[in-house]
Amino acid sequence: MGDKIDNKVLCKLCKDDCLKKCFDDYVELIKEPKYVCKKCGRTAHKEKNLCKPVKIKK
Ligand SMILES: [Zn+2]
């Protein structure tokens with residue numbers, strides 16, 4: 001175990017059933033979101049965690 005999720009695409013986590021295991025890490029990644037996924041509508045702080053990231057304009 002010890003599966004780090006900070007390099008994973010969050011959009012795929014449900015399929016991997018990783019979200020429950022890594023929930024605390026997940027919350028860290030979605031705090032203060034800067035990007036939104038154009039495909040799934042998820043948000044994340046880092047571009048690499050989304051499959052179709054688009055920068056959120058403030
Ligand atoms: Zn996505």
# chains A, B, ... in the order shown; residues from 1 in each chain; ligands from 1
>>> residues_near_ligand(ligand="ligand 1", cutoff="9 Å", atoms="only C-alpha atoms and all ligand atoms", output="list of chain:residue names")
A:Val9, A:Leu10, A:Cys11, A:Lys12, A:Val36, A:Cys37, A:Lys38, A:Lys39, A:Cys40, A:Gly41, A:Arg42, A:Thr43, A:Asn49, A:Leu50, A:Cys51, A:Lys52, A:Pro53
>>> residues_around(residues="Glu28 in chain A", least_positions_apart="3", cutoff="12 Å", atoms="only C-alpha atoms", output="PDB file with C-alpha atoms, in the first residue's frame")
ATOM      1  CA  LYS A   4       0.341   8.117  -3.273  1.00  0.00           C
ATOM      2  CA  ILE A   5      -2.345   9.799  -5.292  1.00  0.00           C
ATOM      3  CA  ASP A   6      -0.724  13.157  -5.946  1.00  0.00           C
ATOM      4  CA  LEU A  10      -8.413  12.373  -9.997  1.00  0.00           C
ATOM      5  CA  CYS A  22      -6.646   8.046   0.062  1.00  0.00           C
ATOM      6  CA  PHE A  23      -9.396  10.436   1.083  1.00  0.00           C
ATOM      7  CA  ASP A  24      -7.192  12.700   3.204  1.00  0.00           C
ATOM      8  CA  ASP A  25      -4.663  13.010   0.396  1.00  0.00           C
ATOM      9  CA  LYS A  31      -8.110  22.431  -1.757  1.00  0.00           C
ATOM     10  CA  GLU A  32      -7.851  25.848  -3.378  1.00  0.00           C
ATOM     11  CA  PRO A  33      -8.617  24.524  -6.861  1.00  0.00           C
ATOM     12  CA  THR A  43     -11.475  20.468  -9.733  1.00  0.00           C
ATOM     13  CA  ALA A  44      -7.898  20.249  -8.525  1.00  0.00           C
ATOM     14  CA  HIS A  45      -5.006  22.392  -7.408  1.00  0.00           C
ATOM     15  CA  LYS A  46      -2.636  20.843  -9.930  1.00  0.00           C
ATOM     16  CA  ASN A  49      -4.472  15.636 -11.574  1.00  0.00           C
TER      17      ASN A  49
END
>>> select_by_dssp(residues="chain A", states="helix (DSSP H, G or I)", output="list in words")
Leu10, Cys11, Lys12, Leu13, Cys14, Lys15, Asp16, Phe23, Asp24, Asp25, Tyr26, Val27, Glu28, Leu29, Ile30, Glu47, Lys48 and Asn49 of chain A
>>> write_last_selection(atoms="C-alpha atoms", output="compact mmCIF listing (two decimals), in the first residue's frame")
# COMPACT_ATOMS: atom_id res chain seq x y z
CA LEU A 10 -8.41 12.37 -10.00
CA CYS A 11 -11.03 11.73 -12.67
CA LYS A 12 -10.08 8.05 -12.63
CA LEU A 13 -10.04 7.51 -8.89
CA CYS A 14 -13.58 6.17 -8.58
CA LYS A 15 -12.78 3.36 -10.96
CA ASP A 16 -9.66 2.48 -9.00
CA PHE A 23 -9.40 10.44 1.08
CA ASP A 24 -7.19 12.70 3.20
CA ASP A 25 -4.66 13.01 0.40
CA TYR A 26 -7.48 13.69 -2.03
CA VAL A 27 -8.76 16.59 0.06
CA GLU A 28 -5.28 18.11 -0.05
CA LEU A 29 -5.29 17.95 -3.84
CA ILE A 30 -8.64 19.67 -4.28
CA GLU A 47 -3.08 20.51 -13.65
CA LYS A 48 -1.66 16.99 -13.74
CA ASN A 49 -4.47 15.64 -11.57
